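**Student:** Handing you a structure now.
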Amino acid sequence: MEKAYNPQAIEQETYKKWESNDYFSPKGGATDNSDSYCIMIPPPNVTGSLHMGHAFQHTIMDSLTRYHRMKGDNTLWQPGSDHAGIATQMVVERLLDQEGKSRHDLGREAFIDKVWEWKEHSGGTISQQMRRMGDSCDWSREAFTMDEDLSSAVLETFVQLYDEGLIYRGDRLVNWDPKLLTAVSDLEVESHEENGHLWHMRYPLSDGSGHVIIATTRPETMLGDSAVAVHPEDERYKDLIGKTIDLPLTGRQIPIIADDYVEKDFGSGCVKITPAHDFNDYEMGQRHDLEMINILTPTAHINDNAPEAYRGLDRYEARKKIIEDFEALGLMEKIEPHKLKVPRGDRSGVVIEPYLTPQWYVKIAPLAEPALKAVKDGDIKFVPENWSNTYYHWMENIQDWCISRQLWWGHQIPAWYDNSGKVYVGRNEEEVREKYDLGDIELRRDEDVLDTWFSSALWPFATLGWPEKTPELETFLPTSVLVTGFDIIFFWVARMIMMGLKFTGKIPFKEIYITGLIRDEQGQKMSKSKGNVLDPIDIIDGIDIESLVAKRTTGMMNPKAAEKIAKRTRKQFPDGIEAYGTDAMRFTFCAMASTSRDINFDLNRVEGYRNFCNKIWNAARYVLMNTEDQDTGLHNDAMEFSLADRWIKSELQKTIVEFEKAIDTYRFDLAANALYEFTWNTYCDWYLELSKPVLYSDEYSEEAKRGTRHTLVTVLESLMRLLHPFMPFITEEIWQKVAPLAGTDSAERPSIMLQDFPQVDESLIDNNAEADIEWLKKVIVGVRNIRGEMNIAPGKPLDVMFRNGSESDKDRLEANKTFLSKLAKLDSIQWLEAGESAPMSATALAGDMEILIPMAGLIDVEQELARLDKEAEKLEKDLQRISGKLNNPNFTDKAPEAVVEKERGKLAEVESTIKKIEEQRAQLKAL
């Protein structure tokens with residue numbers, strides 16, 4: 001093995017071997033469903049590259065896949081990507097714009113060809129990133145939501161739902177993007193608080209008896225008002241219910257109605273109702289059968305339903321004119337500054353309008369009922385369980401689903417119209433003509449495409465071959481677990497459950513593991529606009545600072561913002577980002593993956609786990625140096641196992657149990673901690689050191705040396721299999737070298753991922769060995785602590801005495817003299833019987849037993865006192881400085897609580913250190 005672990009030297013070559021040998025496909029093929037385990041990847045948008053959130057979830061999915069593969073399950077991790085309608089169309093339109101063209105210049109077919117061309121060119125980015133992250137998915141089954149077979153599944157779903165009366169076309173309110181000219185889903189709308197105004201406007205009563213005052217943040221919508229609403233129990237307005245008002249500027253009269261939705265105590269208690277331009281007003285309009293007056297064009301200009309003076313004006317120009325006209329008529333009561341949530345398209349950036357337009361809808365209630373029952377009955381479980389309450393809330397208040405989008409890229413709706421506008425639905429035009437007996441009449445196909453979430457809702461079963469009854473569908477559905485974020489429980493998770501139950505009669509997955517979000521080290525959401533996005537590949541391979549700055553600022557429209565991000569990036573990463581390798585990044589994700597909690601991603605943690613990789617590598621080098629070309633018991637089972645051998649095997653069994661318990665409950669953080677503690681502290685720091693006295697001392701027999709060599713390689717080999725799901729690359733590399741020495745059959749299973757996961761051997765759990773080693777560790781740590789406190793060189797041999805111990809302590813001391821002498825660097829060991837006195841000594845405790853190290857001649861007392869005085873003087877200054885800060889109200893009252901608490905912690909630490917120094921001074925003076 002090379003002296004230092006270099007992930008860049010092994011990772012890509014290792015992955016190529018795995019993939020070329022087809023190790024990722026299900027071992028039992030499509031027909032072995034006895035122990036099937038399947039995960040469907042949430043298909044990332046084909047437009048971009050994977051971000052840290054993807055890297056986190058992929059690590060979780062791959063760890064589960066590798067673990068279950070090694071457990072002997074017939075394992076499938078299904079990869080693929082989503083065509084991402086709006087996002088992809090926008091990318092290609094921008095490319096055309098650079099050529100001075102629009103999609104309309106090309107026409108629909110040629111434009112779609114362009115999109116496919118772009119997809120083929122850039123669509124491989126995600127799959128290459130996945131390979132770099134070690135994702136062991138079955139690439140032979142890689143799917144795309146616009147593939148021919150998935151498109152057929154979409155057609156089948158649409159037609160069946162339409163024929164059953166569950167899909168219909170109707171005029172309803174949608175989120176409308178006036179720039180992209182399409183309906184968008186709630187997930188594509190970002191609402192942020194912005195500064196605006198609240199306009200208080202007078203609406204005159206038709207009978208001339210006065211006026212009511214309404215307040216609005218969107219004055220232009222008053223042109224489409226259909227009513228004014230008050231609360232039915234509001235004493236101020238009871239007499240007005242049923243009367244009408246003269247709607248200013250329009251020449252229309254509208255009624256005053258009563259509705260419980262109105263809040264009596266908010267504003268004037270009177271609310272303008274614009275059913276065609278507000279979602280809540282729309283619901284009220286339905287209840288009271290109000291007129292729906294759409295006053296906007298698709299581009300958010302005023303249309304012909306408004307008075308002539310405002311027609312053709314942009315919505316904000318109309319707003320300005322309406323305000324001026326109200327003021328001129330003396331109908332503007334007052335204008336107040338007002339903060340409000342403004343909905344903007346996440347891609348276009350323009351303000352979204354609630355807009356009344358004909359769209360296609362799924363009648364959702366009949367589909368929602370069984371989907372709700374599946375979770376309530378426990379057929380599907382959320383992890384953590386509390387997310388089921390969110391699911392219940394959404395499903396119990398669900399609205400019909402708008403599934404049409406005014407785009408060209410996507411699954412075109414399989415509907416045709418005749419010249420009278422009558423609609424016909426079928427899988428293709430030929431089927432439509434035959435189905436409805438239309439003959440040769442002229443038909444025009446609906447130009448809209450389906451919402452991306454429509455095809456995504458079919459993902460778990462369409463990728464397995466539905467609507468055909470394939471072996472894969474029988475074997476892998478329901479899938480085992482869905483790993484996803486809370487933000488798409490409604491948009492994707494719920495719809496997969498509804499569609500799965502409807503079309504297969506099966507749940508799509510048994511469990512839903514909801515992960516937290518990946519944030520930066522300050523807890524801020526990662527976003528391009530903040531300039532705090534990290535690319536997982538940059539963490540794996542490293543990146544220089546100028547390349548990182550360019551990556552974060554390229555394409556930013558605002559030069560000042562780009563400059564700010566560049567400055568912050570250079571300050572945060574003055575030398576760029578180091579190369580940490582895939583395993584260090586993956587282990588970081590696992591170690592931080594507590595159920596559903598957001599993760600503040602800190603590169604210091606990645607650095608720590610890169611050190612962990614180095615620790616594993618160095619441990620393997622030590623084992624190989626002491627076992628290669630040596631007898632490890634493969635051909636001679638005459639072995640004796642030392643206390644340390646018996647102990648480490650026992651600890652390994654406990655770690656396997658702890659790991660599996662954590663994995664089964666999706667506590668990846670606890671699983672990672674168990675692996676880390678065993679590997680670093682138990683195996684590397686203690687067992688490897690305890691092996692040296694056996695291997696290098698003449699006091700042990702050849703059988704004992706053989707037993708320790710056997711333990712070294714077998715425990716390391718098992719540990720590599722135990723670590724493999726989280727750290728696939730380093731474990732494969734080391735396993736290939738250690739497996740032959742451990743007697744592992746690698747002929748039929750030539751990769752670690754094809755090996756069995758370690759199984760617990762109850763016979764190897766040795767409580768006595770564990771207790772003895774714990775005793776030994778306490779003694780060694782006690783001696784080492786004395787060395788540290790008294791500033792005694794680590795390699796200086798010491799005399800040590802023991803007293804006040806039990807017979808058990810005495811027996812353990814006698815049995816472990818060699819281990820103690822070697823690991824604690826002892827010259828002599830003496831047991832003091834009752835009544836025997838000891839010279840002036842530094843002491844430590846191991847239970848009730850005292851550990852005494854005589855100080856005479858070990859240190860220069862005057863020199864040590866001078867050193868401690870100097871250290872105490874520095875600490876006193878720190879004490880005064882911190883105390884002064886904490887006694888200053890300007891600091892304690894104004895600083896964040898976390899900062900104040902940090903200073904209090906520093907103060908306690910300094911006070912504790914000063915106390916220890918005083919104790920050391922007292923001991924030295926006693927000498």
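In the structure tokens, each chain is lettered A, B, ... as it comes, each chain's residues begin at 1, and ligands are numbered from 1 in order of appearance.
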Residues at most 12 Å from Tyr687 in chain A, counting only C-alpha atoms, excluding those fewer than 2 positions away in the same chain, as a PyMOL selection string?

**Tutor:** chain A and resi 619+622-623+642-652+678-685+689-694+708-709+711-712+715-716+773+776-777+819+823

**Student:** So that I have them on file, write out the residues from the current selection with N, CA and C atoms, as a short mmCIF file (atom, residue, chain, number, x, y, z; two decimals), in the first residue's frame.

**Tutor:**
```cif
data_model
loop_
_atom_site.label_atom_id
_atom_site.label_comp_id
_atom_site.auth_asym_id
_atom_site.auth_seq_id
_atom_site.Cartn_x
_atom_site.Cartn_y
_atom_site.Cartn_z
N ALA A 619 -3.90 2.26 9.64
CA ALA A 619 -4.16 1.03 10.39
C ALA A 619 -4.00 -0.18 9.49
N TYR A 622 -0.37 -0.91 8.85
CA TYR A 622 0.24 -1.57 10.02
C TYR A 622 -0.13 -3.06 10.01
N VAL A 623 -1.42 -3.35 9.77
CA VAL A 623 -1.86 -4.74 9.77
C VAL A 623 -1.15 -5.53 8.67
N SER A 642 -4.98 -13.62 22.81
CA SER A 642 -4.69 -12.80 23.99
C SER A 642 -5.96 -12.15 24.51
N LEU A 643 -5.86 -11.56 25.69
CA LEU A 643 -6.97 -10.79 26.25
C LEU A 643 -7.43 -9.73 25.24
N ALA A 644 -6.46 -9.04 24.63
CA ALA A 644 -6.79 -7.99 23.67
C ALA A 644 -7.51 -8.56 22.45
N ASP A 645 -7.10 -9.75 21.99
CA ASP A 645 -7.75 -10.39 20.85
C ASP A 645 -9.21 -10.70 21.17
N ARG A 646 -9.41 -11.28 22.35
CA ARG A 646 -10.79 -11.65 22.74
C ARG A 646 -11.65 -10.39 22.90
N TRP A 647 -11.03 -9.34 23.44
CA TRP A 647 -11.75 -8.08 23.66
C TRP A 647 -12.18 -7.42 22.35
N ILE A 648 -11.26 -7.32 21.38
CA ILE A 648 -11.60 -6.60 20.15
C ILE A 648 -12.67 -7.35 19.36
N LYS A 649 -12.65 -8.68 19.40
CA LYS A 649 -13.69 -9.44 18.71
C LYS A 649 -15.04 -9.25 19.38
N SER A 650 -15.02 -9.15 20.70
CA SER A 650 -16.25 -8.89 21.43
C SER A 650 -16.80 -7.50 21.11
N GLU A 651 -15.91 -6.51 21.08
CA GLU A 651 -16.33 -5.14 20.76
C GLU A 651 -16.87 -5.03 19.34
N LEU A 652 -16.30 -5.82 18.42
CA LEU A 652 -16.78 -5.81 17.04
C LEU A 652 -18.24 -6.29 16.98
N PHE A 678 -15.60 2.74 17.15
CA PHE A 678 -14.92 1.44 17.12
C PHE A 678 -13.63 1.52 16.32
N THR A 679 -13.71 2.17 15.14
CA THR A 679 -12.53 2.19 14.25
C THR A 679 -11.39 3.00 14.86
N TRP A 680 -11.69 4.24 15.24
CA TRP A 680 -10.62 5.14 15.68
C TRP A 680 -10.15 4.80 17.09
N ASN A 681 -11.09 4.78 18.03
CA ASN A 681 -10.69 4.64 19.44
C ASN A 681 -10.43 3.20 19.84
N THR A 682 -11.33 2.30 19.44
CA THR A 682 -11.20 0.92 19.93
C THR A 682 -10.15 0.14 19.15
N TYR A 683 -10.30 0.11 17.82
CA TYR A 683 -9.40 -0.71 17.02
C TYR A 683 -8.04 -0.05 16.84
N CYS A 684 -8.03 1.17 16.33
CA CYS A 684 -6.75 1.83 16.01
C CYS A 684 -5.98 2.25 17.26
N ASP A 685 -6.63 3.02 18.14
CA ASP A 685 -5.90 3.59 19.27
C ASP A 685 -5.56 2.57 20.35
N GLU A 689 -2.28 -0.97 19.38
CA GLU A 689 -1.20 -0.81 20.37
C GLU A 689 -1.06 -2.05 21.24
N LEU A 690 -2.19 -2.66 21.59
CA LEU A 690 -2.16 -3.87 22.42
C LEU A 690 -1.61 -5.08 21.65
N SER A 691 -1.66 -5.00 20.31
CA SER A 691 -1.11 -6.11 19.52
C SER A 691 0.41 -6.10 19.50
N LYS A 692 1.01 -4.94 19.69
CA LYS A 692 2.47 -4.81 19.56
C LYS A 692 3.24 -5.63 20.60
N PRO A 693 2.84 -5.59 21.89
CA PRO A 693 3.57 -6.42 22.86
C PRO A 693 3.53 -7.90 22.49
N VAL A 694 2.43 -8.37 21.91
CA VAL A 694 2.33 -9.79 21.55
C VAL A 694 3.24 -10.08 20.36
N THR A 708 -2.90 -13.38 17.28
CA THR A 708 -3.02 -11.93 17.14
C THR A 708 -3.00 -11.52 15.67
N ARG A 709 -2.12 -12.19 14.87
CA ARG A 709 -2.12 -11.87 13.43
C ARG A 709 -3.47 -12.22 12.81
N THR A 711 -6.34 -12.29 14.34
CA THR A 711 -7.32 -11.31 14.81
C THR A 711 -7.17 -9.99 14.08
N LEU A 712 -5.93 -9.57 13.88
CA LEU A 712 -5.70 -8.31 13.16
C LEU A 712 -6.38 -8.32 11.79
N VAL A 715 -10.50 -9.07 11.92
CA VAL A 715 -11.28 -7.93 12.40
C VAL A 715 -11.22 -6.79 11.40
N LEU A 716 -10.06 -6.56 10.79
CA LEU A 716 -9.95 -5.50 9.78
C LEU A 716 -10.82 -5.82 8.58
N ILE A 773 -10.10 -5.32 29.97
CA ILE A 773 -9.47 -4.27 29.15
C ILE A 773 -9.88 -2.89 29.64
N LEU A 776 -7.60 -2.15 32.35
CA LEU A 776 -6.27 -1.87 31.82
C LEU A 776 -6.20 -0.46 31.24
N LYS A 777 -7.24 -0.07 30.51
CA LYS A 777 -7.27 1.26 29.91
C LYS A 777 -7.27 2.36 30.98
N PHE A 819 1.40 -5.90 28.96
CA PHE A 819 0.63 -4.83 28.32
C PHE A 819 0.89 -3.49 28.99
N LEU A 823 2.66 -0.34 27.05
CA LEU A 823 1.80 0.77 26.64
C LEU A 823 1.94 1.99 27.53
#
```

**Student:** Could you pull the residues within 12 Å of Glu190 in chain A, counting only C-alpha atoms, minus those fewer than 5 positions along the same chain, as a VMD selection string?

**Tutor:** chain A and resid 175 184 to 185 341 to 352

**Student:** Could you pull out the helix (DSSP H, G or I) residues of range 823-914 of chain A from DSSP and send them as a short mmCIF file (atom, residue, chain, number, x, y, z; two decimals) with C-alpha atoms, in the first residue's frame?

**Tutor:**
```
data_model
loop_
_atom_site.label_atom_id
_atom_site.label_comp_id
_atom_site.auth_asym_id
_atom_site.auth_seq_id
_atom_site.Cartn_x
_atom_site.Cartn_y
_atom_site.Cartn_z
CA LEU A 823 1.80 0.77 26.64
CA ALA A 824 2.38 2.93 29.73
CA VAL A 861 11.10 21.21 40.36
CA GLU A 862 12.30 24.83 40.08
CA GLN A 863 12.12 24.81 36.31
CA GLU A 864 8.63 23.26 36.36
CA LEU A 865 7.42 25.79 38.96
CA ALA A 866 8.71 28.63 36.78
CA ARG A 867 6.87 27.20 33.77
CA LEU A 868 3.63 26.90 35.73
CA ASP A 869 4.01 30.45 37.08
CA LYS A 870 4.35 31.76 33.55
CA GLU A 871 1.30 29.81 32.41
CA ALA A 872 -0.70 30.98 35.44
CA GLU A 873 0.20 34.62 34.71
CA LYS A 874 -1.14 34.32 31.16
CA LEU A 875 -4.32 32.65 32.38
CA GLU A 876 -4.92 35.38 34.99
CA LYS A 877 -4.84 37.96 32.17
CA ASP A 878 -7.36 35.89 30.19
CA LEU A 879 -9.50 35.63 33.33
CA GLN A 880 -9.53 39.41 33.82
CA ARG A 881 -10.31 40.06 30.16
CA ILE A 882 -13.23 37.60 29.98
CA SER A 883 -14.59 38.64 33.39
CA GLY A 884 -14.46 42.28 32.32
CA LYS A 885 -16.46 41.48 29.20
CA LEU A 886 -19.08 39.48 31.13
CA PRO A 889 -23.85 45.24 30.52
CA ASN A 890 -23.17 46.67 27.04
CA PHE A 891 -21.87 43.23 26.08
CA THR A 892 -24.22 40.90 28.01
CA ASP A 893 -27.37 42.83 27.10
CA LYS A 894 -26.62 43.43 23.42
CA GLU A 897 -27.16 34.78 23.82
CA ALA A 898 -25.02 32.15 22.06
CA VAL A 899 -22.01 34.54 22.05
CA VAL A 900 -22.46 35.36 25.75
CA GLU A 901 -22.74 31.67 26.60
CA LYS A 902 -19.55 30.98 24.66
CA GLU A 903 -17.70 33.58 26.76
CA ARG A 904 -19.09 32.05 29.96
CA GLY A 905 -17.80 28.67 28.81
CA LYS A 906 -14.34 30.18 28.20
CA LEU A 907 -14.38 31.68 31.71
CA ALA A 908 -15.23 28.32 33.31
CA GLU A 909 -12.47 26.63 31.31
CA VAL A 910 -9.85 29.21 32.38
CA GLU A 911 -10.91 28.95 36.04
CA SER A 912 -10.67 25.15 35.89
CA THR A 913 -7.17 25.31 34.33
CA ILE A 914 -5.97 27.78 37.01
#
```

**Student:** Considering only C-alpha atoms, can you say which of A:Tyr355, A:Phe490, A:Phe144, A:Phe382 comes closest to Thr182 in chain A?

**Tutor:**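 Checking each candidate against Thr182 in chain A, we get A:Tyr355 as the closest.
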
**Student:** Taking 5 positions as the minimum chain separation for residues in the same chain, which residues sit within 12 Å of Asn389 in chain A when counting only C-alpha atoms? Answer as a PyMOL selection string.

**Tutor:** chain A and resi 372+375-376+381-384+394-396+486+489-490

**Student:** Report, in Å with one decimal, the straight-line distance from CA of Glu732 in chain A to CA of Asp669 in chain A.

**Tutor:**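 Those two atoms sit 22.3 Å apart.
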